[in-house]
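Asker: What follows is entry-v7.txt, compact mmCIF, C-alpha atoms.
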# COMPACT_ATOMS: atom_id res chain seq x y z
CA ALA R 1 0.00 0.00 0.00
CA PRO R 2 1.10 3.59 -0.41
CA PHE R 3 1.48 3.92 3.38
CA LEU R 4 3.82 6.91 3.23
CA SER R 5 2.29 8.74 0.27
CA GLY R 6 -0.75 10.49 1.77
CA GLY R 7 -4.22 10.34 0.27
CA GLY R 8 -7.15 7.98 0.59
CA TYR R 9 -5.41 4.65 -0.02
CA SER R 10 -2.68 5.69 2.42
CA SER R 11 -4.98 6.70 5.27
CA GLU R 12 -7.16 3.62 4.80
CA ALA R 13 -4.13 1.30 4.74
CA ILE R 14 -2.66 2.88 7.87
CA SER R 15 -5.95 2.50 9.76
CA PHE R 16 -6.23 -1.14 8.70
CA VAL R 17 -2.64 -2.12 9.46
CA LEU R 18 -2.26 -0.42 12.85
CA GLU R 19 -5.15 -2.48 14.20
CA LEU R 20 -4.38 -5.69 12.30
CA ALA R 21 -0.76 -5.67 13.45
CA ARG R 22 -1.93 -6.12 17.04
CA LEU R 23 -3.94 -9.19 16.00
CA VAL R 24 -1.59 -10.69 13.41
CA PRO R 25 1.99 -10.69 14.74
CA GLN R 26 3.45 -11.92 11.44
CA LEU R 27 1.88 -9.04 9.46
CA ARG R 28 4.48 -7.14 7.47
CA ILE R 29 4.06 -4.07 5.23
CA ALA R 30 5.92 -2.43 2.36
CA GLN R 31 5.58 0.93 0.64
CA PHE R 32 4.01 0.27 -2.75
CA ALA R 33 2.23 1.96 -5.67
CA GLU R 34 3.29 5.57 -5.11
CA PRO R 35 6.46 7.35 -4.05
CA GLN R 36 6.87 8.35 -0.45
CA SER R 37 5.83 11.92 0.40
CA ASP R 38 8.29 13.46 2.85
CA ALA R 39 5.69 16.10 3.78
CA PHE R 40 3.18 13.36 4.63
CA VAL R 41 5.74 11.39 6.65
CA ASP R 42 6.68 14.56 8.57
CA GLY R 43 2.99 14.96 9.47
CA LEU R 44 2.67 11.49 11.02
CA SER R 45 2.85 11.34 14.79
CA ASP R 46 6.00 9.81 16.23
CA ALA R 47 3.91 6.89 17.51
CA GLN R 48 2.33 6.24 14.09
CA TYR R 49 5.65 6.37 12.28
CA ALA R 50 7.35 4.12 14.84
CA ALA R 51 4.51 1.59 14.62
CA LEU R 52 4.60 1.53 10.81
CA ALA R 53 8.40 1.23 10.76
CA SER R 54 8.27 -1.63 13.26
CA ILE R 55 5.65 -3.49 11.19
CA ALA R 56 7.68 -2.97 8.01
CA GLN R 57 10.79 -4.43 9.66
CA ARG R 58 9.16 -7.58 11.00
CA PRO R 59 11.02 -10.68 9.84
CA THR R 60 9.40 -13.17 7.51
CA ALA R 61 9.33 -16.62 9.08
CA ALA R 62 11.17 -19.26 7.08
CA GLY R 63 8.74 -21.44 5.16
CA ALA R 64 5.75 -19.27 6.03
CA ARG R 65 2.92 -19.06 3.51
CA THR R 66 2.55 -15.57 2.07
CA LEU R 67 -0.68 -13.67 1.59
CA ALA R 68 -0.08 -10.44 -0.35
CA ILE R 69 -2.67 -7.67 -0.17
CA CYS R 70 -2.11 -5.14 -2.96
CA HIS R 71 -3.86 -2.08 -1.54
CA SER R 72 -3.97 0.33 -4.48
CA THR R 73 -5.44 0.95 -7.88
CA PRO R 74 -5.20 -2.18 -10.06
CA ASP R 75 -3.12 -0.45 -12.74
CA VAL R 76 -0.02 -0.91 -10.56
CA TRP R 77 -0.60 -4.60 -9.85
CA VAL R 78 1.68 -7.01 -11.72
CA PRO R 79 1.94 -6.56 -14.62
CA SER R 80 2.05 -2.84 -13.88
CA ARG R 81 1.20 -0.28 -16.52
CA TYR R 82 4.19 1.75 -15.33
CA PRO R 83 7.65 0.82 -16.64
CA GLY R 84 10.04 -0.47 -14.00
CA TRP R 85 7.51 -0.75 -11.20
CA ASP R 86 7.32 -4.57 -11.32
CA GLU R 87 11.08 -4.77 -10.78
CA THR R 88 11.10 -2.20 -7.96
CA ALA R 89 8.05 -3.13 -5.89
CA PRO R 90 5.94 -5.85 -7.50
CA CYS R 91 2.54 -6.56 -6.04
CA PRO R 92 1.72 -9.28 -5.74
CA PRO R 93 5.32 -10.39 -5.29
CA PRO R 94 6.31 -13.58 -7.13
CA HIS R 95 6.51 -15.65 -3.92
CA ALA R 96 2.95 -14.83 -2.77
CA GLU R 97 0.78 -17.92 -2.48
CA ILE R 98 -2.43 -15.92 -2.19
CA ALA R 99 -2.93 -12.55 -3.91
CA VAL R 100 -5.63 -10.13 -2.80
CA GLY R 101 -6.39 -6.77 -4.34
CA ARG R 102 -7.91 -4.01 -2.18
CA THR R 103 -9.31 -1.24 -4.31
CA MET R 104 -12.28 0.95 -5.11
CA TYR R 105 -13.58 3.17 -7.86
CA GLU R 106 -16.22 5.82 -7.29
CA SER R 107 -18.18 5.23 -10.50
CA ASP R 108 -20.68 2.74 -11.87
CA ARG R 109 -18.09 1.12 -14.18
CA LEU R 110 -14.37 0.44 -14.13
CA PRO R 111 -11.55 1.62 -16.38
CA ALA R 112 -11.13 -0.78 -19.31
CA ASP R 113 -8.28 -2.94 -17.96
CA TRP R 114 -9.28 -3.09 -14.29
CA ALA R 115 -11.73 -6.01 -14.57
CA ALA R 116 -9.06 -8.32 -16.00
CA ARG R 117 -6.54 -7.15 -13.37
CA CYS R 118 -9.01 -7.79 -10.53
CA SER R 119 -9.94 -11.19 -11.93
CA ARG R 120 -6.25 -12.26 -11.94
CA MET R 121 -6.21 -11.91 -8.15
CA ASP R 122 -7.40 -14.71 -5.88
CA GLU R 123 -9.78 -12.19 -4.28
CA THR R 124 -10.59 -8.50 -4.67
CA TRP R 125 -11.77 -6.62 -1.58
CA VAL R 126 -13.98 -3.58 -2.10
CA PRO R 127 -15.42 -1.26 0.57
CA THR R 128 -19.16 -1.40 -0.22
CA GLU R 129 -21.91 -3.43 -1.86
CA PHE R 130 -22.10 -0.66 -4.50
CA HIS R 131 -18.50 -1.42 -5.43
CA ARG R 132 -19.13 -5.16 -5.55
CA GLU R 133 -22.03 -4.62 -7.97
CA SER R 134 -20.23 -2.09 -10.19
CA PHE R 135 -17.10 -4.26 -10.36
CA ALA R 136 -19.19 -7.34 -11.24
CA ARG R 137 -21.10 -5.41 -13.93
CA SER R 138 -17.72 -4.36 -15.35
CA GLY R 139 -16.63 -7.99 -15.71
CA VAL R 140 -14.85 -8.92 -12.47
CA GLU R 141 -15.66 -12.49 -11.43
CA ARG R 142 -18.36 -12.08 -8.76
CA ALA R 143 -17.05 -15.03 -6.71
CA LYS R 144 -13.76 -13.16 -6.23
CA LEU R 145 -15.39 -9.95 -4.93
CA HIS R 146 -15.70 -9.47 -1.17
CA VAL R 147 -16.96 -6.44 0.74
CA VAL R 148 -14.52 -5.34 3.46
CA GLY R 149 -15.73 -2.04 4.89
CA GLU R 150 -13.44 0.93 5.40
CA PRO R 151 -11.81 1.31 8.80
CA VAL R 152 -12.37 4.29 11.07
CA ASP R 153 -9.55 5.75 13.13
CA VAL R 154 -11.46 5.91 16.42
CA GLU R 155 -8.77 7.99 18.08
CA LEU R 156 -8.90 10.69 15.40
CA PHE R 157 -12.68 10.52 15.06
CA ASP R 158 -13.54 10.20 18.75
CA PRO R 159 -16.92 11.87 19.36
CA ALA R 160 -16.01 12.37 23.03
CA ARG R 161 -13.11 14.64 21.95
CA THR R 162 -15.03 16.54 19.28
CA THR R 163 -17.52 19.38 19.43
CA PRO R 164 -20.19 19.06 16.76
CA LEU R 165 -20.19 21.84 14.19
CA ASP R 166 -23.27 24.07 14.34
CA LEU R 167 -24.03 24.13 10.61
CA ARG R 168 -26.64 26.88 10.90
CA ALA R 169 -24.20 29.20 12.67
CA ALA R 170 -21.31 28.29 10.36
CA THR R 171 -23.18 28.49 7.05
CA GLY R 172 -26.36 30.45 7.67
CA ARG R 173 -28.46 27.43 6.72
CA GLY R 174 -29.35 24.02 8.06
CA PRO R 175 -27.86 20.72 6.97
CA LEU R 176 -28.67 19.13 3.62
CA ALA R 177 -28.80 22.39 1.66
CA SER R 178 -29.95 22.04 -1.91
CA ALA R 179 -28.65 23.77 -5.03
CA SER R 180 -31.59 26.18 -4.72
CA GLY R 181 -29.99 27.50 -1.53
CA LYS R 182 -32.85 26.23 0.63
CA GLY R 183 -32.12 23.93 3.53
CA ALA R 184 -33.69 20.51 3.94
CA ALA R 185 -36.73 22.05 5.63
CA GLY R 186 -37.02 24.68 2.89
CA GLY R 187 -35.52 27.57 4.85
CA GLY R 188 -32.20 29.33 5.16
CA GLY R 189 -29.52 30.12 2.64
CA GLU R 190 -31.30 32.96 0.89
CA GLY R 191 -29.04 35.59 -0.66
CA ARG R 192 -26.16 33.22 -1.41
CA GLY R 193 -26.92 32.65 -5.10
CA GLY R 194 -27.60 28.95 -4.60
CA ARG R 195 -23.94 28.17 -3.84
CA PRO R 196 -23.39 25.25 -1.49
CA PHE R 197 -22.24 26.36 1.96
Would you write out, as structure tokens, the structure that this file holds?
Answerer:
Amino acid sequence: APFLSGGGYSSEAISFVLELARLVPQLRIAQFAEPQSDAFVDGLSDAQYAALASIAQRPTAAGARTLAICHSTPDVWVPSRYPGWDETAPCPPPHAEIAVGRTMYESDRLPADWAARCSRMDETWVPTEFHRESFARSGVERAKLHVVGEPVDVELFDPARTTPLDLRAATGRGPLASASGKGAAGGGGEGRGGRPF
């Protein structure tokens, strides 16, 4: 996964792995799919960085079976569309006995080559039923598609440490504003030209 790159795949992978590493002592990670972002790494807490570094440096037990989870867009899975990537950081690696792709696409159909790439994996994990259906409609073998919901960083998103935002005070309208500028109950937002927020 692009653990040290920033962005959606990065934050999701970090949330998954920090919890899974406590449950699966042989779990090991590697930076994959995107270059490291020094600015992103500098923004990680010392505890997060130390935990990720420790997980990345875990030894691989001799003779252990290998499950590889390629947590990225399928265009970088072997064979990658990007020259040189398969030699630098192939996913799945050649020694993997089981290959899983973790991906998503926020549309009702996939890019042309993604279905074949997903179908080459032993399994493809997607975050929602919507994704399972859109991937299947695009040609991914339905039996290989599994819904694995997105993780939530409960320390970052702890409701006990957060004050809810008063949307009416912050925006002059209630929640669920429409393009007409009227709130969900039909009031608020007048004089803003129909712009959201």
Asker: Rounded to one decimal in Å, what is the spacing between CA of Pro35 in chain R and CA of Tyr49 in chain R?
Answerer: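 That distance, rounded to one decimal, is 16.4 Å.
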Asker: Between R:Gly6, R:Pro74, R:Gly139, R:Pro83, which is the closest to Asp42 in chain R once you count all atoms listed in the file?
Answerer: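 Smallest separation from Asp42 in chain R among the options: R:Gly6.
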Asker: For Phe40 in chain R, which residue among R:Ser5, R:Thr163, R:Gln26, R:Ser107 is the nearest when counting all atoms listed in the file?
Answerer: R:Ser5
Asker: For CA of Ser54 in chain R and CA of Ala21 in chain R, determine how far apart the two atoms are, in Å to one decimal place.
Answerer: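 Taking CA of Ser54 in chain R and CA of Ala21 in chain R, their separation equals 9.9 Å.
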Asker: Could you state the separation of CA of Ile55 in chain R and CA of Cys70 in chain R in Å, given to one decimal place?
Answerer: 16.2 Å
Asker: Within 8 Å of Val140 in chain R, counting only C-alpha atoms, which residues show up once you throw out same-chain ones fewer than 2 positions away? Write them as a PyMOL selection string, please.
Answerer: chain R and resi 115-116+118-119+135-138+142+144-145
Asker: Padding of 6 Å on every side, edges along x, y and z, all listed atoms of range 51-59 of chain R included: what centre and edge lengths in Å, to one decimal, does that box have, as AutoDock Vina command-line options?
Answerer:
--center_x 7.8 --center_y -4.5 --center_z 11.3 --size_x 18.5 --size_y 24.3 --size_z 18.6
Asker: Kindly indicate which residue among R:Ser72, R:Tyr82, R:Pro159, R:Pro90 lies nearest to Val126 in chain R, using all atoms listed in the file for the distances.
Answerer: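 Among R:Ser72, R:Tyr82, R:Pro159, R:Pro90, it is R:Ser72 that comes nearest to Val126 in chain R.
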Asker: Between R:Val78, R:Phe32, R:Asp108, R:Gln48, which one has atoms that come closest to Pro94 in chain R, using all atoms listed in the file?
Answerer: R:Val78
Asker: From the list R:Ala112, R:Ala1, R:Leu156, R:Ile14, which residue is nearest Val100 in chain R when using all atoms listed in the file?
Answerer: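 Smallest separation from Val100 in chain R among the options: R:Ala1.
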Asker: So which residues touch Ala68 in chain R within 9 Å, counting all atoms listed in the file, skipping near sequence neighbours fewer than 4 positions away, as an mmCIF file with C-alpha atoms, in the frame of the given file?
Answerer:
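Now in part_9.cif:
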data_model
loop_
_atom_site.group_PDB
_atom_site.id
_atom_site.type_symbol
_atom_site.label_atom_id
_atom_site.label_comp_id
_atom_site.auth_asym_id
_atom_site.auth_seq_id
_atom_site.Cartn_x
_atom_site.Cartn_y
_atom_site.Cartn_z
ATOM 1 C CA CYS R 91 2.540 -6.560 -6.040
ATOM 2 C CA PRO R 92 1.720 -9.280 -5.740
ATOM 3 C CA PRO R 93 5.320 -10.390 -5.290
ATOM 4 C CA ALA R 96 2.950 -14.830 -2.770
ATOM 5 C CA GLU R 97 0.780 -17.920 -2.480
ATOM 6 C CA ILE R 98 -2.430 -15.920 -2.190
ATOM 7 C CA ALA R 99 -2.930 -12.550 -3.910
ATOM 8 C CA VAL R 100 -5.630 -10.130 -2.800
ATOM 9 C CA GLY R 101 -6.390 -6.770 -4.340
#
Asker: When distances are computed from only C-alpha atoms, which of R:Asp46, R:Glu141, R:Asp153, R:Glu19 shows the smallest separation from Trp114 in chain R?
Answerer: R:Glu141
